[in-house]
$ cat run.txt   # compact mmCIF, C-alpha atoms and all ligand atoms
# COMPACT_ATOMS: atom_id res chain seq x y z
CA MET T 157 0.00 0.00 0.00
CA LYS T 158 1.14 3.53 -0.79
CA ARG T 159 0.12 5.73 2.08
CA ILE T 160 -0.85 9.33 1.34
CA ALA T 161 -1.11 12.30 3.70
CA ILE T 162 -3.30 15.15 2.45
CA PHE T 163 -2.44 18.62 3.77
CA ALA T 164 -5.42 20.98 3.49
CA SER T 165 -6.62 24.08 5.23
CA GLY T 166 -9.50 25.48 3.24
CA ARG T 167 -12.84 24.13 2.05
CA GLY T 168 -11.31 20.74 1.39
CA SER T 169 -13.24 20.08 -1.80
CA ASN T 170 -10.17 18.65 -3.53
CA ALA T 171 -9.33 16.57 -0.46
CA LYS T 172 -12.84 15.12 -0.62
CA LYS T 173 -12.48 14.21 -4.31
CA ILE T 174 -9.15 12.54 -3.60
CA ILE T 175 -10.54 10.61 -0.62
CA ASP T 176 -13.50 9.47 -2.73
CA HIS T 177 -11.26 8.47 -5.61
CA PHE T 178 -9.03 6.23 -3.48
CA GLU T 179 -11.78 4.72 -1.35
CA SER T 180 -11.29 0.92 -1.58
CA HIS T 181 -8.32 1.37 -3.92
CA PRO T 182 -6.20 -1.79 -4.04
CA THR T 183 -2.80 -0.13 -3.63
CA VAL T 184 -3.31 3.45 -2.41
CA GLU T 185 -4.71 4.60 0.90
CA ILE T 186 -5.39 8.06 2.30
CA SER T 187 -3.77 7.50 5.67
CA LEU T 188 -3.66 10.94 7.26
CA ILE T 189 -5.27 14.38 6.96
CA VAL T 190 -3.11 17.28 8.10
CA SER T 191 -4.35 20.82 8.67
CA ASN T 192 -3.06 23.99 10.27
CA LYS T 193 -6.62 25.05 11.09
CA SER T 194 -8.34 23.20 13.88
CA LYS T 195 -11.77 24.11 12.47
CA ALA T 196 -11.04 23.22 8.84
CA ALA T 197 -13.92 21.39 7.16
CA VAL T 198 -11.50 18.73 6.01
CA LEU T 199 -11.04 17.56 9.63
CA SER T 200 -14.75 16.74 9.98
CA LEU T 201 -14.48 14.85 6.74
CA ALA T 202 -11.55 12.90 8.19
CA ASP T 203 -13.76 11.98 11.15
CA ASP T 204 -16.62 10.90 8.86
CA ARG T 205 -14.29 8.68 6.83
CA GLN T 206 -12.36 7.47 9.87
CA ILE T 207 -9.07 8.80 8.59
CA PRO T 208 -6.53 9.84 11.24
CA LYS T 209 -5.96 13.58 11.43
CA LEU T 210 -3.26 15.88 12.67
CA VAL T 211 -3.53 19.59 13.46
CA ILE T 212 -0.19 21.29 13.13
CA GLU T 213 1.13 24.44 14.71
CA ARG T 214 3.37 26.94 12.97
CA GLN T 215 6.33 27.13 15.34
CA GLN T 216 6.60 23.36 15.70
CA PHE T 217 6.33 22.99 11.92
CA TYR T 218 9.24 25.32 11.18
CA GLN T 219 11.45 24.94 14.23
CA THR T 220 11.24 21.24 15.04
CA LYS T 221 10.86 17.97 13.18
CA VAL T 222 8.08 16.58 15.37
CA TYR T 223 5.67 16.37 12.45
CA LEU T 224 8.19 14.46 10.37
CA ALA T 225 8.20 11.90 13.17
CA ASP T 226 4.38 11.81 13.00
CA LEU T 227 4.46 11.26 9.24
CA GLN T 228 6.98 8.46 9.75
CA ASN T 229 4.83 6.88 12.45
CA TYR T 230 1.95 6.82 9.97
CA LYS T 231 4.35 5.37 7.37
CA ILE T 232 3.49 8.10 4.89
CA ASP T 233 4.98 7.61 1.39
CA PHE T 234 3.55 10.61 -0.41
CA ILE T 235 2.14 14.04 0.47
CA VAL T 236 -0.59 15.91 -1.40
CA LEU T 237 -1.08 19.61 -0.78
CA ALA T 238 -4.69 20.49 -1.53
CA GLY T 239 -5.24 24.07 -0.47
CA PHE T 240 -2.37 24.23 2.03
CA LEU T 241 -0.76 27.66 2.14
CA TRP T 242 2.31 27.31 4.34
CA LEU T 243 5.68 26.94 2.68
CA ILE T 244 7.00 23.39 3.13
CA PRO T 245 10.21 23.43 5.22
CA SER T 246 13.36 21.93 3.70
CA TYR T 247 13.56 19.02 6.16
CA LEU T 248 10.28 17.74 4.70
CA VAL T 249 11.22 18.44 1.07
CA ASP T 250 14.49 16.56 1.64
CA HIS T 251 12.76 13.65 3.28
CA PHE T 252 10.13 13.36 0.51
CA PRO T 253 12.05 14.06 -2.72
CA ASN T 254 9.56 14.27 -5.61
CA LYS T 255 7.00 12.85 -3.23
CA ILE T 256 5.11 16.04 -2.45
CA VAL T 257 2.70 17.53 -5.00
CA ASN T 258 0.67 20.71 -4.95
CA ILE T 259 -2.16 21.96 -7.12
CA HIS T 260 -2.22 25.59 -8.23
CA PRO T 261 -5.35 27.15 -9.76
CA ALA T 262 -3.65 28.78 -12.77
CA LEU T 263 -1.15 28.04 -15.50
CA LEU T 264 2.24 28.40 -13.80
CA PRO T 265 4.71 30.02 -14.10
CA LYS T 266 2.20 32.83 -14.54
CA PHE T 267 0.09 33.88 -11.56
CA GLY T 268 2.09 32.02 -8.94
CA GLY T 269 4.33 32.79 -5.98
CA LYS T 270 3.85 34.03 -2.45
CA GLY T 271 0.47 35.60 -1.85
CA MET T 272 -1.01 34.17 -5.05
CA TYR T 273 -3.72 31.87 -3.80
CA GLY T 274 -7.48 31.47 -3.90
CA SER T 275 -9.51 34.33 -5.36
CA LYS T 276 -6.39 36.50 -5.74
CA VAL T 277 -5.21 34.22 -8.53
CA HIS T 278 -8.48 34.42 -10.45
CA GLN T 279 -8.71 38.18 -9.93
CA ALA T 280 -5.22 38.60 -11.40
CA VAL T 281 -6.02 36.34 -14.36
CA TRP T 282 -9.18 38.36 -15.02
CA GLU T 283 -7.40 41.71 -14.72
CA ALA T 284 -4.74 40.53 -17.16
CA GLN T 285 -7.56 39.70 -19.63
CA GLU T 286 -6.14 36.24 -20.18
CA LYS T 287 -7.75 34.15 -22.90
CA GLU T 288 -7.22 30.98 -20.89
CA SER T 289 -6.55 29.71 -17.41
CA GLY T 290 -6.25 26.23 -15.95
CA ILE T 291 -4.54 24.12 -13.35
CA THR T 292 -0.97 23.16 -12.60
CA ILE T 293 0.03 20.11 -10.59
CA HIS T 294 3.69 20.31 -9.60
CA TYR T 295 6.26 18.82 -7.28
CA VAL T 296 7.00 20.90 -4.22
CA ASN T 297 10.34 22.45 -3.39
CA GLU T 298 11.34 25.17 -0.92
CA GLU T 299 9.93 27.99 -3.07
CA TYR T 300 6.28 28.81 -3.59
CA ASP T 301 4.93 27.29 -6.83
CA GLU T 302 8.35 26.61 -8.36
CA GLY T 303 8.79 22.82 -8.33
CA ALA T 304 8.81 20.81 -11.57
CA ILE T 305 5.47 20.75 -13.35
CA VAL T 306 3.83 17.33 -13.64
CA PHE T 307 0.57 18.22 -15.35
CA GLN T 308 -1.33 21.20 -16.74
CA THR T 309 -4.67 21.55 -18.44
CA LYS T 310 -6.49 24.63 -19.68
CA CYS T 311 -9.92 26.17 -19.94
CA THR T 312 -10.78 29.00 -22.30
CA LEU T 313 -11.95 32.36 -21.02
CA ASP T 314 -13.94 35.05 -22.78
CA GLU T 315 -15.06 38.59 -22.05
CA THR T 316 -18.16 37.43 -20.19
CA ASP T 317 -16.03 35.67 -17.56
CA THR T 318 -15.62 37.16 -14.09
CA PRO T 319 -13.15 36.20 -11.34
CA ASP T 320 -15.94 34.03 -9.88
CA SER T 321 -16.74 32.24 -13.10
CA ILE T 322 -13.04 31.65 -13.73
CA ALA T 323 -12.76 30.16 -10.23
CA LYS T 324 -15.63 27.77 -11.01
CA LYS T 325 -14.15 26.61 -14.31
CA VAL T 326 -10.77 26.03 -12.71
CA LEU T 327 -12.18 24.17 -9.70
CA GLN T 328 -14.01 21.81 -12.04
CA LEU T 329 -10.70 20.97 -13.71
CA GLU T 330 -9.07 20.42 -10.31
CA HIS T 331 -11.76 17.98 -9.23
CA ARG T 332 -11.65 16.14 -12.54
CA TYR T 333 -7.88 15.75 -12.84
CA PHE T 334 -6.14 15.96 -9.47
CA PRO T 335 -7.08 12.49 -8.15
CA LYS T 336 -6.23 10.83 -11.49
CA VAL T 337 -2.87 12.57 -11.79
CA ILE T 338 -1.97 11.56 -8.23
CA GLU T 339 -2.84 7.97 -9.09
CA GLU T 340 -0.70 8.09 -12.24
CA ILE T 341 2.28 9.44 -10.31
CA LEU T 342 1.93 6.81 -7.61
CA LEU T 343 1.48 3.87 -9.93
CA LYS T 344 4.18 4.71 -12.47
C1 LIG J 1 -7.67 25.06 -4.89
O1 LIG J 1 -8.10 26.03 -5.78
C2 LIG J 1 -6.22 24.76 -5.12
O2 LIG J 1 -5.79 25.00 -6.41
C3 LIG J 1 -5.53 25.70 -4.20
O3 LIG J 1 -6.37 25.83 -3.09
C4 LIG J 1 -7.71 25.56 -3.47
C5 LIG J 1 -8.24 24.55 -2.52
O4 LIG J 1 -9.63 24.39 -2.67
N1 LIG J 1 -4.18 25.26 -3.92
P1 LIG J 1 -10.37 23.29 -1.80
O5 LIG J 1 -10.08 23.59 -0.34
O6 LIG J 1 -9.82 21.96 -2.20
O7 LIG J 1 -11.81 23.43 -2.13
$ encode --input "run.txt" --output "structure tokens"
Amino acid sequence: MKRIAIFASGRGSNAKKIIDHFESHPTVEISLIVSNKSKAAVLSLADDRQIPKLVIERQQFYQTKVYLADLQNYKIDFIVLAGFLWLIPSYLVDHFPNKIVNIHPALLPKFGGKGMYGSKVHQAVWEAQEKESGITIHYVNEEYDEGAIVFQTKCTLDETDTPDSIAKKVLQLEHRYFPKVIEEILLK
């Protein structure tokens, strides 16, 4: 079994799709949900699905390796960031080389970097009058949104689009592709 930890702090809609996708999977298991927000919706989902959960705290995350020990105790092989905004510290990147992926709601390298998350991304895409947007799934390194790109797919935009409608189109792509791309990476 490949054991995945999902790190998520927001709505958790991608986390839910990933959990659903791997439910009863023969070789992949969602083994841990990690969040930096004790009230994140994704933690209730973890309870519903009986997946262990871990709430992490900033100082411990950056100044100690206690959470690495937790991940090792859960025998985690692979980490998925699904709406997790903290930069991943180098001790984790080093321990999980090419084994941490993130999803970004735009076509990197455009519209990425520190502070570019959530509605800010779609607002920037809209203001730039882009003709397309999309999703980027990439490996995680010590810089925001800069690891090697694994997968991208696009949606077209037109003048009737708004930041909200762009967000909806992009989220649909995330839900459709993120679980499958994770599976492809894990099974290759
Ligand atoms: C997604 O748009 C993802 O690209 C970004 O954070 C958002 C998470 O949404 N990294 P959700 O919490 O999975 O609904």
$ closest_residue --input "run.txt" --among "T:Pro208, T:Pro182, T:Pro253, T:Gly274" --to "ligand LIG 1 (chain J)" --atoms "only C-alpha atoms and all ligand atoms"
T:Gly274
$ residues_around --input "run.txt" --residues "T:Asn192" --least-positions-apart "5" --cutoff "9 Å" --atoms "all atoms listed in the file" --output "PyMOL selection string"
chain T and resi 163-165+210-214+240+242
$ closest_atom_pairs --input "run.txt" --of "stretch 188-280 of chain T" --to "stretch 295-317 of chain T" --cutoff "8 Å" --atoms "all atoms listed in the file" --output "Markdown table"
| residue | atom | partner | partner_atom | distance |
| --- | --- | --- | --- | --- |
| T:Leu243 | CA | T:Tyr300 | CA | 6.6 |
| T:Ile244 | CA | T:Glu298 | CA | 6.2 |
| T:Pro245 | CA | T:Glu298 | CA | 6.5 |
| T:Ser246 | CA | T:Glu298 | CA | 6.0 |
| T:Val249 | CA | T:Asn297 | CA | 6.1 |
| T:Asn254 | CA | T:Tyr295 | CA | 5.9 |
| T:Lys255 | CA | T:Tyr295 | CA | 7.3 |
| T:Ile256 | CA | T:Val296 | CA | 5.5 |
| T:Val257 | CA | T:Tyr295 | CA | 4.4 |
| T:Asn258 | CA | T:Tyr295 | CA | 6.3 |
| T:His260 | CA | T:Asp301 | CA | 7.5 |
| T:Leu263 | CA | T:Gln308 | CA | 7.0 |
| T:Leu264 | CA | T:Asp301 | CA | 7.6 |
| T:Pro265 | CA | T:Glu302 | CA | 7.6 |
| T:Gly268 | CA | T:Asp301 | CA | 5.9 |
| T:Gly269 | CA | T:Tyr300 | CA | 5.0 |
| T:Lys270 | CA | T:Tyr300 | CA | 5.9 |
$ axis_aligned_box --input "run.txt" --around "ligand LIG 1 (chain J)" --padding-each-side "8 Å" --output "lines of an AutoDock Vina configuration file"
center_x = -8.0
center_y = 24.0
center_z = -3.4
size_x = 23.6
size_y = 20.1
size_z = 22.1
$ closest_atom_pairs --input "run.txt" --of "chain T" --to "ligand LIG 1 (chain J)" --cutoff "8 Å" --atoms "only C-alpha atoms and all ligand atoms" --output "CSV"
residue,atom,partner,partner_atom,distance
T:Ala164,CA,J:LIG1,O5,6.6
T:Ser165,CA,J:LIG1,O5,6.6
T:Gly166,CA,J:LIG1,O5,4.1
T:Arg167,CA,J:LIG1,O5,3.7
T:Gly168,CA,J:LIG1,O5,3.6
T:Ser169,CA,J:LIG1,O7,3.7
T:Asn170,CA,J:LIG1,O6,3.6
T:Ala171,CA,J:LIG1,O6,5.7
T:Lys172,CA,J:LIG1,O6,7.6
T:Leu237,CA,J:LIG1,N1,7.2
T:Ala238,CA,J:LIG1,N1,5.4
T:Gly239,CA,J:LIG1,O3,3.4
T:Phe240,CA,J:LIG1,N1,6.3
T:Leu241,CA,J:LIG1,N1,7.4
T:Asn258,CA,J:LIG1,N1,6.7
T:Ile259,CA,J:LIG1,O2,4.8
T:His260,CA,J:LIG1,O2,4.1
T:Pro261,CA,J:LIG1,O2,4.0
T:Ala262,CA,J:LIG1,O2,7.7
T:Tyr273,CA,J:LIG1,C3,6.4
T:Gly274,CA,J:LIG1,O1,5.8
T:Ile291,CA,J:LIG1,O2,7.1
T:Ala323,CA,J:LIG1,O1,7.7
T:Val326,CA,J:LIG1,O1,7.4
T:Leu327,CA,J:LIG1,O1,6.0
T:Glu330,CA,J:LIG1,O2,6.9
$ build_atoms --input "run.txt" --residues "stretch 281-298 of chain T" --atoms "N, CA, C and O atoms" --output "compact mmCIF listing (two decimals), in the frame of the given file"
# COMPACT_ATOMS: atom_id res chain seq x y z
N VAL T 281 -5.82 36.89 -13.01
CA VAL T 281 -6.02 36.34 -14.36
C VAL T 281 -7.05 37.19 -15.11
O VAL T 281 -6.85 37.55 -16.28
N TRP T 282 -8.10 37.54 -14.42
CA TRP T 282 -9.18 38.36 -15.02
C TRP T 282 -8.66 39.75 -15.38
O TRP T 282 -8.90 40.25 -16.49
N GLU T 283 -7.93 40.36 -14.46
CA GLU T 283 -7.40 41.71 -14.72
C GLU T 283 -6.42 41.72 -15.89
O GLU T 283 -6.33 42.70 -16.63
N ALA T 284 -5.70 40.62 -16.05
CA ALA T 284 -4.74 40.53 -17.16
C ALA T 284 -5.44 40.19 -18.49
O ALA T 284 -4.77 40.08 -19.52
N GLN T 285 -6.76 40.02 -18.43
CA GLN T 285 -7.56 39.70 -19.63
C GLN T 285 -6.99 38.48 -20.37
O GLN T 285 -6.89 38.47 -21.60
N GLU T 286 -6.65 37.48 -19.60
CA GLU T 286 -6.14 36.24 -20.18
C GLU T 286 -7.23 35.55 -21.00
O GLU T 286 -8.40 35.61 -20.66
N LYS T 287 -6.81 34.90 -22.05
CA LYS T 287 -7.75 34.15 -22.90
C LYS T 287 -7.94 32.72 -22.40
O LYS T 287 -8.80 31.99 -22.88
N GLU T 288 -7.08 32.32 -21.46
CA GLU T 288 -7.22 30.98 -20.89
C GLU T 288 -6.66 30.96 -19.48
O GLU T 288 -5.85 31.80 -19.09
N SER T 289 -7.16 29.99 -18.70
CA SER T 289 -6.55 29.71 -17.41
C SER T 289 -6.51 28.19 -17.29
O SER T 289 -6.66 27.49 -18.29
N GLY T 290 -6.32 27.68 -16.07
CA GLY T 290 -6.25 26.23 -15.95
C GLY T 290 -5.66 25.83 -14.63
O GLY T 290 -5.69 26.60 -13.66
N ILE T 291 -5.12 24.63 -14.60
CA ILE T 291 -4.54 24.12 -13.35
C ILE T 291 -3.11 23.64 -13.60
O ILE T 291 -2.77 23.23 -14.71
N THR T 292 -2.33 23.69 -12.56
CA THR T 292 -0.97 23.16 -12.60
C THR T 292 -0.77 22.25 -11.40
O THR T 292 -0.99 22.67 -10.26
N ILE T 293 -0.36 21.02 -11.67
CA ILE T 293 0.03 20.11 -10.59
C ILE T 293 1.56 20.00 -10.67
O ILE T 293 2.10 19.74 -11.75
N HIS T 294 2.22 20.27 -9.56
CA HIS T 294 3.69 20.31 -9.60
C HIS T 294 4.28 19.72 -8.32
O HIS T 294 3.64 19.71 -7.26
N TYR T 295 5.53 19.25 -8.46
CA TYR T 295 6.26 18.82 -7.28
C TYR T 295 6.58 20.04 -6.44
O TYR T 295 6.62 21.17 -6.95
N VAL T 296 6.79 19.80 -5.16
CA VAL T 296 7.00 20.90 -4.22
C VAL T 296 8.47 20.98 -3.84
O VAL T 296 9.09 19.97 -3.50
N ASN T 297 9.01 22.20 -3.94
CA ASN T 297 10.34 22.45 -3.39
C ASN T 297 10.24 23.58 -2.35
O ASN T 297 9.12 23.90 -1.92
N GLU T 298 11.37 24.18 -2.01
CA GLU T 298 11.34 25.17 -0.92
C GLU T 298 10.80 26.53 -1.34
O GLU T 298 10.71 27.44 -0.52
